[in-house]
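**Q** Pasting in a structure now, in structure tokens, and then I'll have a few things to ask.
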Amino acid sequence: QLQLVESGGGLVQPGGSLRLSCAASGFTLDYYVIGWFRQAPGKEREGVSCISSRGGNTNYADSVKGRFTISRDNAKNTVYLQMNSLKPEDTAVYYCAAIKVLLFRRCMFHDEYDYWGQGTQVTVSS
């Protein structure tokens, strides 16, 4: 069964860092575009970042550019989201998602994705 599992969330002070991981089981991520999305209470799910299957192309929401970095290690079947300089407005449940075939310019749209993880909570607060 295809499954994505996020980990690495938690409580962090403003200005702190977290690294989220998205591990796949039941399939290999090599041929999949991976996206990170987040959803805060009362808000719609929004695209945070995405990475092409080989890692050569990435995209970021304007709100996280320069602070977040997406990367992948296909040998470990895992995609990462390094989050630095965290702000209270980054507080949300973070999800990773996978899609095998995608026009890359659509990678920040959550309705394009077939497979989703259960999410991990990130809370930025002093």
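By convention in this document, the chains of the structure tokens carry letters A, B, ... by their order, each chain's residues are numbered from 1, and ligands are numbered from 1 in the order they are shown.
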Can you pull out every residue within 8 Å of stretch 29-38 of chain A, counting only C-alpha atoms, but drop anything in the same chain fewer than 4 positions away, and send it as a PyMOL selection string?

**A** chain A and resi 24+45-54+74+77-79+81+92-102+107-108+110

**Q** Write out the residues from the selection above, keeping C-alpha atoms, as a PDB file, in the first residue's frame.

**A**
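See result.pdb below for the written result:
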ATOM      1  CA  ALA A  24       7.454   6.824   1.448  1.00  0.00           C
ATOM      2  CA  ARG A  45      -4.547  24.403   2.300  1.00  0.00           C
ATOM      3  CA  GLU A  46      -1.702  26.224   0.591  1.00  0.00           C
ATOM      4  CA  GLY A  47       1.365  25.139  -1.327  1.00  0.00           C
ATOM      5  CA  VAL A  48       4.650  25.698   0.460  1.00  0.00           C
ATOM      6  CA  SER A  49       7.208  24.073  -1.807  1.00  0.00           C
ATOM      7  CA  CYS A  50       7.627  21.347  -4.395  1.00  0.00           C
ATOM      8  CA  ILE A  51      10.459  19.442  -6.013  1.00  0.00           C
ATOM      9  CA  SER A  52      10.755  17.531  -9.277  1.00  0.00           C
ATOM     10  CA  SER A  53      11.398  13.798  -9.368  1.00  0.00           C
ATOM     11  CA  ARG A  54      15.159  14.123  -9.780  1.00  0.00           C
ATOM     12  CA  ASN A  74      15.878   9.162  -3.405  1.00  0.00           C
ATOM     13  CA  ASN A  77      13.065   7.401  -0.295  1.00  0.00           C
ATOM     14  CA  THR A  78      12.630  10.622   1.644  1.00  0.00           C
ATOM     15  CA  VAL A  79      11.961  14.280   0.931  1.00  0.00           C
ATOM     16  CA  LEU A  81      11.720  20.517   4.158  1.00  0.00           C
ATOM     17  CA  ALA A  92       0.011  24.942  10.574  1.00  0.00           C
ATOM     18  CA  VAL A  93      -0.324  21.260   9.886  1.00  0.00           C
ATOM     19  CA  TYR A  94       2.206  20.398   7.195  1.00  0.00           C
ATOM     20  CA  TYR A  95       1.484  17.703   4.635  1.00  0.00           C
ATOM     21  CA  CYS A  96       3.548  16.090   1.930  1.00  0.00           C
ATOM     22  CA  ALA A  97       1.987  14.798  -1.252  1.00  0.00           C
ATOM     23  CA  ALA A  98       3.112  12.858  -4.312  1.00  0.00           C
ATOM     24  CA  ILE A  99       2.133  12.786  -7.961  1.00  0.00           C
ATOM     25  CA  LYS A 100       3.791  10.791 -10.715  1.00  0.00           C
ATOM     26  CA  VAL A 101       2.970  12.905 -13.729  1.00  0.00           C
ATOM     27  CA  LEU A 102       2.580  16.640 -13.454  1.00  0.00           C
ATOM     28  CA  CYS A 107       3.166  21.639  -8.530  1.00  0.00           C
ATOM     29  CA  MET A 108       1.925  24.153  -5.937  1.00  0.00           C
ATOM     30  CA  HIS A 110      -2.894  20.677  -3.934  1.00  0.00           C
TER      31      HIS A 110
END

**Q** As number ranges by chain, please: all residues of stretch 3-124 of chain A that backbone DSSP puts in strand (DSSP E).

**A** A: 3-7, 10-12, 18-25, 33-39, 46-51, 58-60, 68-73, 78-83, 92-99, 115-116, 120-124

**Q** I'd like the neighbourhood of A:Gln82 as a PyMOL selection string, where a residue qualifies if any of its atoms comes within 6 Å (using only C-alpha atoms), though same-chain residues fewer than 2 positions away should be ignored.

**A** chain A and resi 19+68-69

**Q** Which neighbours of A:Glu89 fall inside 10 Å, counting only C-alpha atoms, when residues of the same chain fewer than 5 positions from it are skipped, and could you give them as a count of residues only?

**A** 6

**Q** Could you tell me, as a PyMOL selection string, which residues of chain A DSSP assigns to helix (DSSP H, G or I) when given the backbone?

**A** chain A and resi 29-31+74-76+88-90+104-106+110-112

**Q** Using only C-alpha atoms, pick whichever of A:Ser25, A:Leu18, A:Leu11, A:Asn57 has the shortest atom-to-atom distance to A:Gly117.

**A**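 Closest residue, counting only C-alpha atoms: A:Ser25.
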
**Q** Rank nothing, just name the residue among A:Leu2, A:Gly8, A:Thr58, A:Ser17 nearest to A:Arg106, using only C-alpha atoms.

**A** A:Thr58
